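**Student:** Below you'll find work-v1.tsv; it's TSV, C-alpha atoms.
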chain	number	residue	atom	x	y	z
A	563	MET	CA	33.80	102.89	140.83
A	564	ALA	CA	34.93	103.55	144.40
A	565	PRO	CA	38.40	101.96	144.10
A	566	LEU	CA	39.49	104.27	141.25
A	567	PRO	CA	40.40	107.37	143.33
A	568	ALA	CA	42.39	105.20	145.76
A	569	ALA	CA	44.34	103.62	142.91
A	570	ALA	CA	45.10	107.03	141.43
A	571	GLY	CA	46.27	108.26	144.80
A	572	THR	CA	48.54	105.24	145.21
A	573	THR	CA	50.11	105.85	141.80
A	574	HIS	CA	50.63	109.50	142.66
A	575	ASP	CA	52.34	108.61	145.94
A	576	TRP	CA	54.60	106.10	144.18
A	577	LEU	CA	55.70	108.75	141.66
A	578	ASP	CA	56.29	111.28	144.43
A	579	ASP	CA	58.90	108.97	145.96
A	580	ILE	CA	61.09	108.98	142.82
A	581	THR	CA	64.36	110.83	143.45
A	582	ILE	CA	66.96	112.34	141.11
A	583	ALA	CA	70.57	112.76	142.27
A	584	GLY	CA	73.86	113.72	140.70
A	585	GLN	CA	77.49	113.32	141.76
A	586	ILE	CA	80.86	114.35	140.38
A	587	GLU	CA	84.34	113.15	141.36
A	588	GLY	CA	87.72	114.27	140.11
A	589	GLY	CA	91.21	113.45	141.33
A	590	ILE	CA	94.92	113.06	140.73
A	591	ASN	CA	97.41	110.38	141.77
A	592	ALA	CA	101.00	111.59	141.76
A	593	ASN	CA	103.96	109.23	141.39
A	594	PRO	CA	107.42	110.80	141.96
A	595	ALA	CA	109.08	107.92	140.01
A	596	ARG	CA	107.32	109.12	136.81
A	597	PRO	CA	106.94	105.71	135.08
A	598	ASP	CA	107.64	105.88	131.34
A	599	ASN	CA	104.31	104.26	130.44
A	600	GLY	CA	102.49	106.82	132.59
A	601	VAL	CA	100.68	104.18	134.65
A	602	ASN	CA	100.70	103.51	138.39
A	603	PHE	CA	101.06	99.73	138.41
A	604	GLY	CA	98.31	97.79	140.16
A	605	GLN	CA	95.91	100.72	140.45
A	606	PHE	CA	92.65	101.22	138.56
A	607	PHE	CA	91.32	104.50	139.95
A	608	GLY	CA	94.01	107.13	139.57
A	609	ASP	CA	95.96	104.79	137.32
A	610	LYS	CA	97.35	107.61	135.16
A	611	ALA	CA	100.42	108.90	137.01
A	612	ASN	CA	100.57	112.67	137.62
A	613	GLN	CA	97.47	113.39	135.54
A	614	ALA	CA	94.32	115.06	136.85
A	615	GLN	CA	91.16	113.35	135.63
A	616	LEU	CA	87.38	113.34	135.80
A	617	ASP	CA	86.73	110.05	137.54
A	618	GLN	CA	82.94	110.06	137.57
A	619	LEU	CA	79.99	112.18	136.60
A	620	THR	CA	76.82	110.28	137.56
A	621	LEU	CA	73.09	110.87	137.32
A	622	THR	CA	70.73	108.58	139.22
A	623	VAL	CA	66.95	108.22	139.06
A	624	SER	CA	65.53	105.84	141.66
A	625	LYS	CA	62.58	104.71	143.72
A	626	ALA	CA	63.62	102.97	146.94
A	627	ILE	CA	61.67	100.13	148.52
A	628	ASP	CA	61.04	99.52	152.21
A	629	THR	CA	62.75	96.20	152.89
A	630	ALA	CA	60.98	95.85	156.26
A	631	SER	CA	57.48	96.40	154.88
A	632	GLN	CA	54.68	93.89	155.39
A	633	ASP	CA	53.31	94.78	151.93
A	634	TYR	CA	54.43	94.23	148.36
A	635	GLU	CA	56.69	97.00	147.09
A	636	ILE	CA	58.30	97.79	143.75
A	637	GLY	CA	61.04	100.27	142.94
A	638	PHE	CA	63.95	100.78	140.57
A	639	MET	CA	67.33	102.38	140.05
A	640	LEU	CA	68.78	103.79	136.82
A	641	ARG	CA	72.28	105.27	136.93
A	642	GLY	CA	74.49	106.57	134.16
A	643	LEU	CA	78.20	107.28	134.61
A	644	TYR	CA	80.71	109.16	132.48
A	645	GLY	CA	84.39	109.37	133.32
A	646	SER	CA	87.70	107.53	133.51
A	647	ASP	CA	86.36	104.95	136.01
A	648	GLY	CA	84.01	103.68	133.31
A	649	ARG	CA	86.94	101.90	131.61
A	650	TYR	CA	87.04	99.34	134.41
A	651	PHE	CA	83.33	98.91	135.19
A	652	ASN	CA	82.08	98.50	131.63
A	653	ILE	CA	79.83	95.60	130.58
A	654	ALA	CA	80.62	93.80	127.33
A	655	GLY	CA	77.78	93.90	124.84
A	656	ILE	CA	76.09	96.91	126.45
A	657	THR	CA	78.38	99.96	126.54
A	658	ASP	CA	81.90	98.65	125.86
A	659	ARG	CA	81.85	99.48	122.14
A	660	MET	CA	80.70	103.07	122.42
A	661	THR	CA	84.22	104.54	122.60
A	662	THR	CA	87.86	103.66	123.25
A	663	ASP	CA	88.62	107.04	124.82
A	664	ARG	CA	89.92	107.57	128.33
A	665	TYR	CA	86.52	108.86	129.42
A	666	GLN	CA	83.75	106.34	128.83
A	667	PHE	CA	80.01	106.13	129.44
A	668	ILE	CA	78.55	103.13	131.27
A	669	ILE	CA	75.29	102.11	132.94
A	670	PRO	CA	76.46	100.65	136.26
A	671	GLN	CA	72.93	100.16	137.58
A	672	ALA	CA	69.60	99.62	135.80
A	673	HIS	CA	67.43	97.28	137.82
A	674	VAL	CA	63.93	96.68	139.11
A	675	ASP	CA	63.64	96.17	142.88
A	676	VAL	CA	60.85	94.10	144.41
A	677	HIS	CA	59.98	93.40	148.06
A	678	LEU	CA	57.92	90.27	148.62
A	679	PRO	CA	56.41	89.71	152.12
A	680	TRP	CA	56.84	85.94	151.87
A	681	LEU	CA	57.96	83.12	154.17
A	682	THR	CA	59.44	85.17	157.03
A	683	LYS	CA	58.63	88.29	159.05
A	684	HIS	CA	60.66	90.60	156.79
A	685	GLY	CA	60.21	88.68	153.52
A	686	LEU	CA	62.34	88.49	150.38
A	687	ASP	CA	63.96	91.24	148.28
A	688	MET	CA	64.92	90.89	144.61
A	689	GLN	CA	66.92	93.04	142.19
A	690	ALA	CA	66.95	92.16	138.49
A	691	GLY	CA	68.75	93.88	135.62
A	692	ILE	CA	72.20	95.50	135.53
A	693	LEU	CA	73.65	95.21	139.03
A	694	THR	CA	76.81	96.19	140.83
A	695	SER	CA	78.53	93.24	142.48
A	696	PRO	CA	77.62	92.85	146.16
A	697	MET	CA	80.98	91.22	147.00
A	698	GLY	CA	83.68	93.04	148.94
A	699	VAL	CA	84.14	96.17	151.04
A	700	GLU	CA	84.91	98.89	148.50
A	701	ALA	CA	82.41	100.22	145.94
A	702	LEU	CA	82.40	102.09	142.64
A	703	ASP	CA	80.49	104.95	144.31
A	704	PRO	CA	83.21	107.13	145.94
A	705	SER	CA	80.82	108.22	148.71
A	706	LEU	CA	80.66	104.59	149.91
A	707	ARG	CA	84.40	103.92	150.30
A	708	PRO	CA	87.09	105.51	152.49
A	709	PHE	CA	89.86	106.02	149.90
A	710	TYR	CA	90.35	107.33	146.38
A	711	THR	CA	92.31	104.24	145.28
A	712	LEU	CA	91.18	100.63	145.63
A	713	SER	CA	92.78	97.60	147.26
A	714	TYR	CA	94.26	94.76	145.19
A	715	THR	CA	91.53	92.53	146.63
A	716	THR	CA	88.79	94.77	145.25
A	717	GLU	CA	90.42	95.13	141.84
A	718	TYR	CA	91.51	91.56	141.15
A	719	SER	CA	89.57	89.23	143.47
A	720	THR	CA	86.01	90.59	143.48
A	721	PRO	CA	83.63	91.04	140.51
A	722	PHE	CA	82.41	94.49	139.44
A	723	GLU	CA	79.22	94.36	137.34
A	724	HIS	CA	76.54	91.82	136.39
A	725	VAL	CA	73.49	91.24	134.26
A	726	GLY	CA	71.20	89.00	136.31
A	727	ALA	CA	69.24	88.83	139.54
A	728	MET	CA	70.16	88.97	143.24
A	729	PHE	CA	68.00	87.92	146.18
A	730	GLN	CA	68.12	88.80	149.87
A	731	TRP	CA	65.97	86.62	152.09
A	732	HIS	CA	65.50	88.13	155.54
A	733	LEU	CA	65.64	85.05	157.77
A	734	THR	CA	65.51	86.85	161.14
A	735	ASP	CA	65.94	90.37	162.51
A	736	HIS	CA	69.73	89.88	162.27
A	737	PHE	CA	70.49	87.34	159.52
A	738	ASP	CA	69.89	87.29	155.75
A	739	ALA	CA	70.51	84.62	153.13
A	740	LEU	CA	72.00	85.94	149.87
A	741	PHE	CA	71.90	84.27	146.45
A	742	GLY	CA	71.75	85.13	142.76
A	743	ILE	CA	72.52	84.20	139.16
A	744	ASP	CA	74.07	86.20	136.31
A	745	THR	CA	75.84	85.98	132.97
A	746	GLY	CA	79.30	86.48	134.48
A	747	ASN	CA	81.57	89.30	135.58
A	748	GLN	CA	81.10	92.29	133.25
A	749	VAL	CA	79.65	90.31	130.36
A	750	SER	CA	76.12	89.99	128.98
A	751	PHE	CA	74.74	87.89	126.10
A	752	GLY	CA	75.77	86.83	122.58
A	753	ASN	CA	78.91	88.61	121.42
A	754	GLY	CA	78.95	90.41	124.76
A	755	ASP	CA	79.77	87.17	126.59
A	756	ASN	CA	83.20	85.59	126.92
A	757	ASN	CA	81.88	82.05	127.42
A	758	ASN	CA	78.58	80.17	127.29
A	759	ALA	CA	77.98	79.55	130.99
A	760	ALA	CA	76.29	81.37	133.85
A	761	ALA	CA	77.65	82.12	137.33
A	762	GLY	CA	76.04	82.71	140.68
A	763	TYR	CA	76.31	83.84	144.30
A	764	PHE	CA	75.48	82.31	147.65
A	765	GLY	CA	76.10	83.64	151.15
A	766	VAL	CA	74.87	85.00	154.44
A	767	SER	CA	75.01	88.36	156.22
A	768	GLY	CA	74.51	89.42	159.81
A	769	SER	CA	73.85	92.87	161.29
A	770	GLY	CA	73.10	94.36	164.69
A	771	LEU	CA	75.17	91.69	166.45
A	772	ALA	CA	77.13	92.14	169.71
A	773	HIS	CA	74.75	94.82	170.98
A	774	GLY	CA	74.63	96.48	167.57
A	775	LYS	CA	78.41	96.80	167.17
A	776	LEU	CA	79.14	93.91	164.77
A	777	SER	CA	78.12	93.17	161.20
A	778	PHE	CA	79.49	90.72	158.63
A	779	VAL	CA	78.96	89.45	155.07
A	780	TYR	CA	80.18	86.19	153.55
A	781	LEU	CA	79.67	85.73	149.81
A	782	GLY	CA	80.80	82.83	147.67
A	783	ARG	CA	80.61	82.75	143.90
A	784	ILE	CA	81.06	79.94	141.36
A	785	GLY	CA	81.08	80.00	137.57
A	786	PRO	CA	83.31	80.13	134.47
A	787	GLU	CA	84.84	83.59	134.01
A	788	ASP	CA	87.61	83.02	131.44
A	789	ALA	CA	87.26	83.73	127.73
A	790	VAL	CA	86.79	81.08	125.05
A	791	ARG	CA	89.08	83.17	122.82
A	792	SER	CA	91.88	82.56	125.35
A	793	LEU	CA	91.27	79.01	126.61
A	794	GLY	CA	89.12	77.45	123.90
A	795	GLN	CA	85.98	75.48	124.79
A	796	ARG	CA	87.49	74.57	128.15
A	797	ALA	CA	86.52	78.08	129.29
A	798	ASN	CA	82.85	77.00	129.38
A	799	THR	CA	83.47	74.50	132.18
A	800	ALA	CA	86.59	75.78	133.97
A	801	GLN	CA	85.20	77.23	137.19
A	802	ARG	CA	86.34	80.27	139.12
A	803	PHE	CA	85.69	80.09	142.87
A	804	TRP	CA	85.47	83.41	144.72
A	805	ASN	CA	85.21	83.65	148.51
A	806	ASP	CA	84.98	86.91	150.46
A	807	LEU	CA	84.33	87.38	154.17
A	808	ASN	CA	84.29	90.85	155.70
A	809	ALA	CA	83.25	92.08	159.12
A	810	THR	CA	83.00	95.50	160.77
A	811	TYR	CA	83.13	96.16	164.51
A	812	LYS	CA	82.30	99.56	165.96
A	813	ILE	CA	84.70	99.89	168.90
A	814	THR	CA	83.36	103.29	169.95
A	815	ASP	CA	81.08	105.90	168.42
A	816	LYS	CA	84.14	107.34	166.67
A	817	LEU	CA	86.36	104.30	166.00
A	818	SER	CA	85.54	101.29	163.81
A	819	VAL	CA	87.60	98.43	162.39
A	820	THR	CA	86.93	96.28	159.31
A	821	GLY	CA	88.66	93.11	158.17
A	822	GLU	CA	88.32	91.37	154.79
A	823	LEU	CA	89.57	87.86	153.95
A	824	ASN	CA	89.47	86.78	150.31
A	825	ILE	CA	90.42	83.53	148.52
A	826	LEU	CA	90.11	82.99	144.76
A	827	HIS	CA	90.84	79.90	142.65
A	828	ASP	CA	90.59	79.80	138.86
A	829	GLU	CA	90.62	76.35	137.24
A	830	GLY	CA	91.14	77.68	133.72
A	831	LEU	CA	94.16	79.83	134.56
A	832	ARG	CA	95.35	77.42	137.28
A	833	ALA	CA	95.73	80.51	139.44
A	834	ASN	CA	95.11	81.36	143.08
A	835	THR	CA	95.01	84.57	145.07
A	836	TYR	CA	94.91	84.98	148.85
A	837	SER	CA	94.53	88.27	150.65
A	838	PHE	CA	93.66	90.06	153.86
A	839	VAL	CA	92.74	93.74	154.12
A	840	SER	CA	92.32	95.69	157.35
A	841	TYR	CA	90.67	99.10	157.72
A	842	LEU	CA	90.50	101.57	160.59
A	843	SER	CA	88.31	104.67	160.63
A	844	TYR	CA	88.42	107.33	163.34
A	845	GLN	CA	86.09	110.35	163.32
A	846	LEU	CA	88.34	113.07	164.71
A	847	THR	CA	85.69	115.79	164.41
A	848	PRO	CA	82.18	115.86	162.92
A	849	THR	CA	83.72	116.88	159.58
A	850	LEU	CA	87.12	115.14	159.65
A	851	THR	CA	87.77	111.37	159.50
A	852	LEU	CA	91.14	109.59	159.59
A	853	ASN	CA	91.43	106.35	157.58
A	854	TYR	CA	93.92	103.48	157.44
A	855	ARG	CA	94.11	100.50	155.07
A	856	GLY	CA	96.67	97.71	155.19
A	857	GLU	CA	96.75	94.77	152.79
A	858	ILE	CA	98.71	91.62	152.02
A	859	TYR	CA	97.84	90.10	148.63
A	860	ARG	CA	99.35	87.00	147.04
A	861	ASP	CA	99.11	86.41	143.27
A	862	ASN	CA	100.72	82.99	142.91
A	863	THR	CA	101.00	83.01	139.09
A	864	GLY	CA	101.31	86.67	138.13
A	865	LEU	CA	98.24	86.26	135.87
A	866	LEU	CA	95.78	88.26	137.97
A	867	VAL	CA	97.55	91.50	138.94
A	868	THR	CA	97.81	93.43	135.69
A	869	SER	CA	97.99	97.06	134.59
A	870	PHE	CA	95.87	97.86	131.55
A	871	ILE	CA	97.76	100.36	129.42
A	872	ALA	CA	95.30	101.05	126.57
A	873	ASN	CA	92.00	102.75	127.41
A	874	ASN	CA	89.99	99.72	126.30
A	875	ALA	CA	92.50	97.13	127.51
A	876	TYR	CA	90.48	95.95	130.51
A	877	MET	CA	87.42	95.01	128.45
A	878	GLN	CA	89.54	93.58	125.62
A	879	ALA	CA	91.27	91.32	128.13
A	880	THR	CA	87.90	90.30	129.64
A	881	LEU	CA	86.79	89.10	126.20
A	882	GLY	CA	90.12	87.37	125.52
A	883	LYS	CA	91.15	89.81	122.77
A	884	PRO	CA	94.76	91.00	122.31
A	885	THR	CA	95.56	94.33	123.94
A	886	VAL	CA	98.27	96.31	125.73
A	887	THR	CA	98.88	95.28	129.35
A	888	GLN	CA	101.74	94.97	131.83
A	889	SER	CA	102.09	92.09	134.30
A	890	ALA	CA	104.59	91.01	136.93
A	891	PRO	CA	105.97	87.63	138.06
A	892	PRO	CA	104.25	85.79	140.93
A	893	THR	CA	104.29	88.34	143.74
A	894	THR	CA	103.18	88.86	147.31
A	895	TYR	CA	102.09	92.50	147.54
A	896	GLY	CA	102.02	94.62	150.67
A	897	ALA	CA	100.17	97.92	150.57
A	898	LEU	CA	99.65	100.62	153.20
A	899	THR	CA	97.33	103.59	152.65
A	900	LEU	CA	96.74	106.51	155.02
A	901	GLY	CA	94.12	109.13	154.30
A	902	VAL	CA	91.95	111.95	155.58
A	903	SER	CA	88.37	112.68	154.62
A	904	TRP	CA	87.13	116.26	155.10
A	905	HIS	CA	83.38	116.41	154.60
A	906	PRO	CA	81.83	119.70	155.76
A	907	LEU	CA	78.06	120.18	155.61
A	908	LEU	CA	77.39	122.89	153.02
A	909	GLY	CA	73.59	122.62	153.02
A	910	HIS	CA	71.22	123.98	150.38
A	911	ALA	CA	71.29	121.74	147.27
A	912	VAL	CA	74.67	120.19	148.14
A	913	LYS	CA	74.11	116.76	149.71
A	914	LEU	CA	77.79	115.82	149.86
A	915	PHE	CA	81.11	117.62	149.64
A	916	GLU	CA	84.25	115.65	150.40
A	917	ILE	CA	88.01	116.07	149.88
A	918	ARG	CA	90.22	112.99	150.44
A	919	PRO	CA	94.02	113.22	150.29
A	920	GLU	CA	95.93	109.96	150.71
A	921	ILE	CA	99.46	108.61	150.74
A	922	ARG	CA	100.06	105.03	149.63
A	923	PHE	CA	103.08	102.72	149.58
A	924	ASP	CA	103.04	99.41	147.68
A	925	ARG	CA	105.87	96.90	147.87
A	926	SER	CA	106.74	93.44	146.67
A	927	LEU	CA	107.39	91.22	149.68
A	928	ASN	CA	109.18	88.46	147.77
A	929	GLY	CA	111.88	90.29	145.83
A	930	THR	CA	110.13	90.93	142.50
A	931	HIS	CA	110.09	94.36	140.79
A	932	PRO	CA	106.55	94.98	139.54
A	933	PHE	CA	106.42	98.80	139.84
A	934	ASN	CA	107.40	101.77	137.70
A	935	ASP	CA	108.01	99.99	134.38
A	936	LEU	CA	109.08	96.80	136.21
A	937	ARG	CA	112.10	98.64	137.66
A	938	ASN	CA	111.26	98.93	141.37
A	939	ALA	CA	110.22	96.70	144.25
A	940	GLY	CA	108.17	99.56	145.75
A	941	GLN	CA	105.94	102.43	144.65
A	942	PHE	CA	104.91	105.63	146.43
A	943	THR	CA	101.79	107.47	145.25
A	944	PHE	CA	100.18	110.61	146.60
A	945	GLY	CA	96.54	110.92	145.64
A	946	ALA	CA	93.58	113.18	146.30
A	947	ASP	CA	90.04	113.42	145.02
A	948	ALA	CA	87.04	115.65	145.57
A	949	VAL	CA	83.41	114.49	145.54
A	950	LEU	CA	80.37	116.72	145.11
A	951	GLY	CA	76.85	115.33	145.38
A	952	PHE	CA	73.56	117.09	144.80
Could I get this file's structure written as structure tokens?
**Tutor:**
Amino acid sequence: MAPLPAAAGTTHDWLDDITIAGQIEGGINANPARPDNGVNFGQFFGDKANQAQLDQLTLTVSKAIDTASQDYEIGFMLRGLYGSDGRYFNIAGITDRMTTDRYQFIIPQAHVDVHLPWLTKHGLDMQAGILTSPMGVEALDPSLRPFYTLSYTTEYSTPFEHVGAMFQWHLTDHFDALFGIDTGNQVSFGNGDNNNAAAGYFGVSGSGLAHGKLSFVYLGRIGPEDAVRSLGQRANTAQRFWNDLNATYKITDKLSVTGELNILHDEGLRANTYSFVSYLSYQLTPTLTLNYRGEIYRDNTGLLVTSFIANNAYMQATLGKPTVTQSAPPTTYGALTLGVSWHPLLGHAVKLFEIRPEIRFDRSLNGTHPFNDLRNAGQFTFGADAVLGF
């Protein structure tokens, strides 16, 4: 009978470590050209020109695991999101049929986390369930990215959401092997899938390099991602190859630089994209950070860079169903974004308060006119969002 009190105490401690957090983000992205269709071409977040919107209202319940532990650990994360960003991060077969409104509810994360002290000093970590994609620099969570808007690379050349499992094998104190398998980008099972094949990740990450100043992540991904409704049965075997390498170097305590190189090839669409994104971040004061992002992005067919006009157009297109979109000819895009993040410490129950104005200029570098109802070679937008976390 002696072990029973210890077991009860362990269960009590595990429950005590469960946390509940909420976050709200709203913003506006002004376009002085006032496009007739009301859409800022090539932008997902803040896509509605000159319209304020609730981007995200999230509630998260989680139990974190210690990835350096020498013991077995189990945790979880469950997050619900309501807002305009849900239109682009939906998962077919799970929440995509709930509504076709501008504001949609999604479950971006619902996974079990396990730490296994196997094979190496720091062991193996696993996440299984509904997962956000680990590829790329920018994230759905606004507190984890420097700008309100996203790069072309993030939007069109990295996946968003998965149903599957990801593994992180801690090889040494500085290097991890990454791998996983899933049903595809933003699809699930049965009628919620766009083809009948799985996809998966492989890669490596490094941290604490160059005296703690350098970190990097390379992730590759292979699997069919096109819809049978669009390509026929060929979609089950036509592979999409994703490759993303990003690295961050901390030049000083206040200044850091990040570079991201991305290459995508789609056999089914016979399409390729190539891109490079650079970021600079300078902490001017403890509460004020200056941010820069510069990008060159090549869409060699015009099939990848698309604006989704209808509220459910992104998910309809993912499943190969007819919908309302706007595309441009093959284009090399240049984009420059400058922004400021003001994040004072308010204390009490407020964990995060942040205001982020930005100015962005996008331009075709090869003479096409993809912007503002396909009238202009360039597009100015002036955006700002506010984030409150508690």
**Student:** Quick one: of A:Ala948, A:Thr694, A:Phe942, A:Gly655, who's nearest to Pro594 in chain A, counting all atoms listed in the file?
**Tutor:** A:Phe942
**Student:** Rank A:Arg783, A:Arg596, A:Arg641, A:Lys625 by their smallest atom-to-atom distance to Asp578 in chain A, using all atoms listed in the file, and report the top residue only.
**Tutor:**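 Nearest candidate to Asp578 in chain A out of A:Arg783, A:Arg596, A:Arg641, A:Lys625: A:Lys625.
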**Student:** At what distance in Å, to one decimal, does CA of Ser695 in chain A lie from CA of Gln941 in chain A?
**Tutor:** 29.0 Å
**Student:** Just checking: using all atoms listed in the file, which residue out of A:Phe915, A:Tyr710, A:Tyr811, A:Tyr665 ends up closest to Thr943 in chain A?
**Tutor:**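 The closest residue to Thr943 in chain A is A:Tyr710.
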**Student:** Report as JSON lines: every residue of range 594-707 of chain A with an atom at most 12 Å from range 890-906 of chain A, its closest pair of atoms, and their distance in Å to one decimal, counting all atoms listed in the file, with rows sorted by chain and ascending residue number.
**Tutor:**
{"residue": "A:Phe603", "atom": "CA", "partner": "A:Ala890", "partner_atom": "CA", "distance": 9.5}
{"residue": "A:Gly604", "atom": "CA", "partner": "A:Ala890", "partner_atom": "CA", "distance": 9.8}
{"residue": "A:Gln605", "atom": "CA", "partner": "A:Ala897", "partner_atom": "CA", "distance": 11.3}
{"residue": "A:Pro704", "atom": "CA", "partner": "A:Ser903", "partner_atom": "CA", "distance": 11.5}
{"residue": "A:Ser705", "atom": "CA", "partner": "A:His905", "partner_atom": "CA", "distance": 10.4}
{"residue": "A:Arg707", "atom": "CA", "partner": "A:Ser903", "partner_atom": "CA", "distance": 10.5}
**Student:** List the spatial neighbours of Asn758 in chain A as an mmCIF file with C-alpha atoms, in the frame of the given file - criterion: any atom at most 12 Å away, only C-alpha atoms, same-chain residues fewer than 3 positions off excluded.
**Tutor:**
data_model
loop_
_atom_site.group_PDB
_atom_site.id
_atom_site.type_symbol
_atom_site.label_atom_id
_atom_site.label_comp_id
_atom_site.auth_asym_id
_atom_site.auth_seq_id
_atom_site.Cartn_x
_atom_site.Cartn_y
_atom_site.Cartn_z
ATOM 1 C CA ASP A 744 74.070 86.200 136.310
ATOM 2 C CA THR A 745 75.840 85.980 132.970
ATOM 3 C CA GLY A 746 79.300 86.480 134.480
ATOM 4 C CA VAL A 749 79.650 90.310 130.360
ATOM 5 C CA SER A 750 76.120 89.990 128.980
ATOM 6 C CA PHE A 751 74.740 87.890 126.100
ATOM 7 C CA GLY A 752 75.770 86.830 122.580
ATOM 8 C CA ASN A 753 78.910 88.610 121.420
ATOM 9 C CA GLY A 754 78.950 90.410 124.760
ATOM 10 C CA ASP A 755 79.770 87.170 126.590
ATOM 11 C CA ALA A 761 77.650 82.120 137.330
ATOM 12 C CA GLY A 785 81.080 80.000 137.570
ATOM 13 C CA PRO A 786 83.310 80.130 134.470
ATOM 14 C CA GLU A 787 84.840 83.590 134.010
ATOM 15 C CA ASP A 788 87.610 83.020 131.440
ATOM 16 C CA ALA A 789 87.260 83.730 127.730
ATOM 17 C CA VAL A 790 86.790 81.080 125.050
ATOM 18 C CA ARG A 791 89.080 83.170 122.820
ATOM 19 C CA GLY A 794 89.120 77.450 123.900
ATOM 20 C CA GLN A 795 85.980 75.480 124.790
ATOM 21 C CA ARG A 796 87.490 74.570 128.150
ATOM 22 C CA ALA A 797 86.520 78.080 129.290
ATOM 23 C CA ASN A 798 82.850 77.000 129.380
ATOM 24 C CA THR A 799 83.470 74.500 132.180
ATOM 25 C CA ALA A 800 86.590 75.780 133.970
#
**Student:** Which residue out of A:Ile784, A:Phe764, A:Gly726, A:Ser719 has the minimum interatomic distance to Asn824 in chain A when all atoms listed in the file are used?
**Tutor:**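 Checking each of A:Ile784, A:Phe764, A:Gly726, A:Ser719 against Asn824 in chain A, counting all atoms listed in the file, the winner is A:Ser719.
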**Student:** I'd like the interatomic distance between CA of Asp738 in chain A and CA of Val766 in chain A, to a tenth of an Å.
**Tutor:**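 Value for the CA of Asp738 in chain A-CA of Val766 in chain A distance: 5.6 Å.
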**Student:** Edge lengths and centre in Å to one decimal, as JSON, of the axis-aligned box that encloses all listed atoms of range 803-810 of chain A with 6 Å added on every side?
**Tutor:**
{"center_x": 84.3, "center_y": 87.8, "center_z": 151.8, "size_x": 14.7, "size_y": 27.4, "size_z": 29.9}
**Student:** Could you please determine the separation between CA of Tyr634 in chain A and CA of Val779 in chain A in Å, to one decimal place?
**Tutor:**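 Straight-line distance from CA of Tyr634 in chain A to CA of Val779 in chain A works out to 25.9 Å.
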**Student:** Need to verify the contact set: Met697 in chain A, 12 Å, all atoms listed in the file, exclusion of same-chain residues closer than 2 positions in sequence. Can you return it as JSON, numbers by chain?
**Tutor:** {"A": [693, 694, 695, 699, 700, 701, 702, 715, 716, 717, 719, 720, 721, 722, 723, 724, 728, 740, 741, 742, 747, 762, 763, 764, 765, 766, 767, 778, 779, 780, 781, 782, 783, 804, 805, 806, 807, 808, 822, 823, 824]}
**Student:** Find, counting only C-alpha atoms, the residue in A:Val623, A:Ile590, A:Ile921, A:Leu927 that gets nearest to Phe607 in chain A.
**Tutor:**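 Selected residue with least distance to Phe607 in chain A: A:Ile590.
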**Student:** Between A:Ser869, A:Thr863, A:Thr629, A:Thr820, which is the closest to Phe729 in chain A once you count only C-alpha atoms?
**Tutor:**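 Using only C-alpha atoms, Phe729 in chain A sits closest to A:Thr629.
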**Student:** Write out as number ranges by chain each polymer residue whose atoms come within 12 Å of Arg832 in chain A, counting all atoms listed in the file; drop sequence neighbours fewer than 4 positions from it.
**Tutor:** A: 788, 793, 797, 800-803, 826-828, 861-866
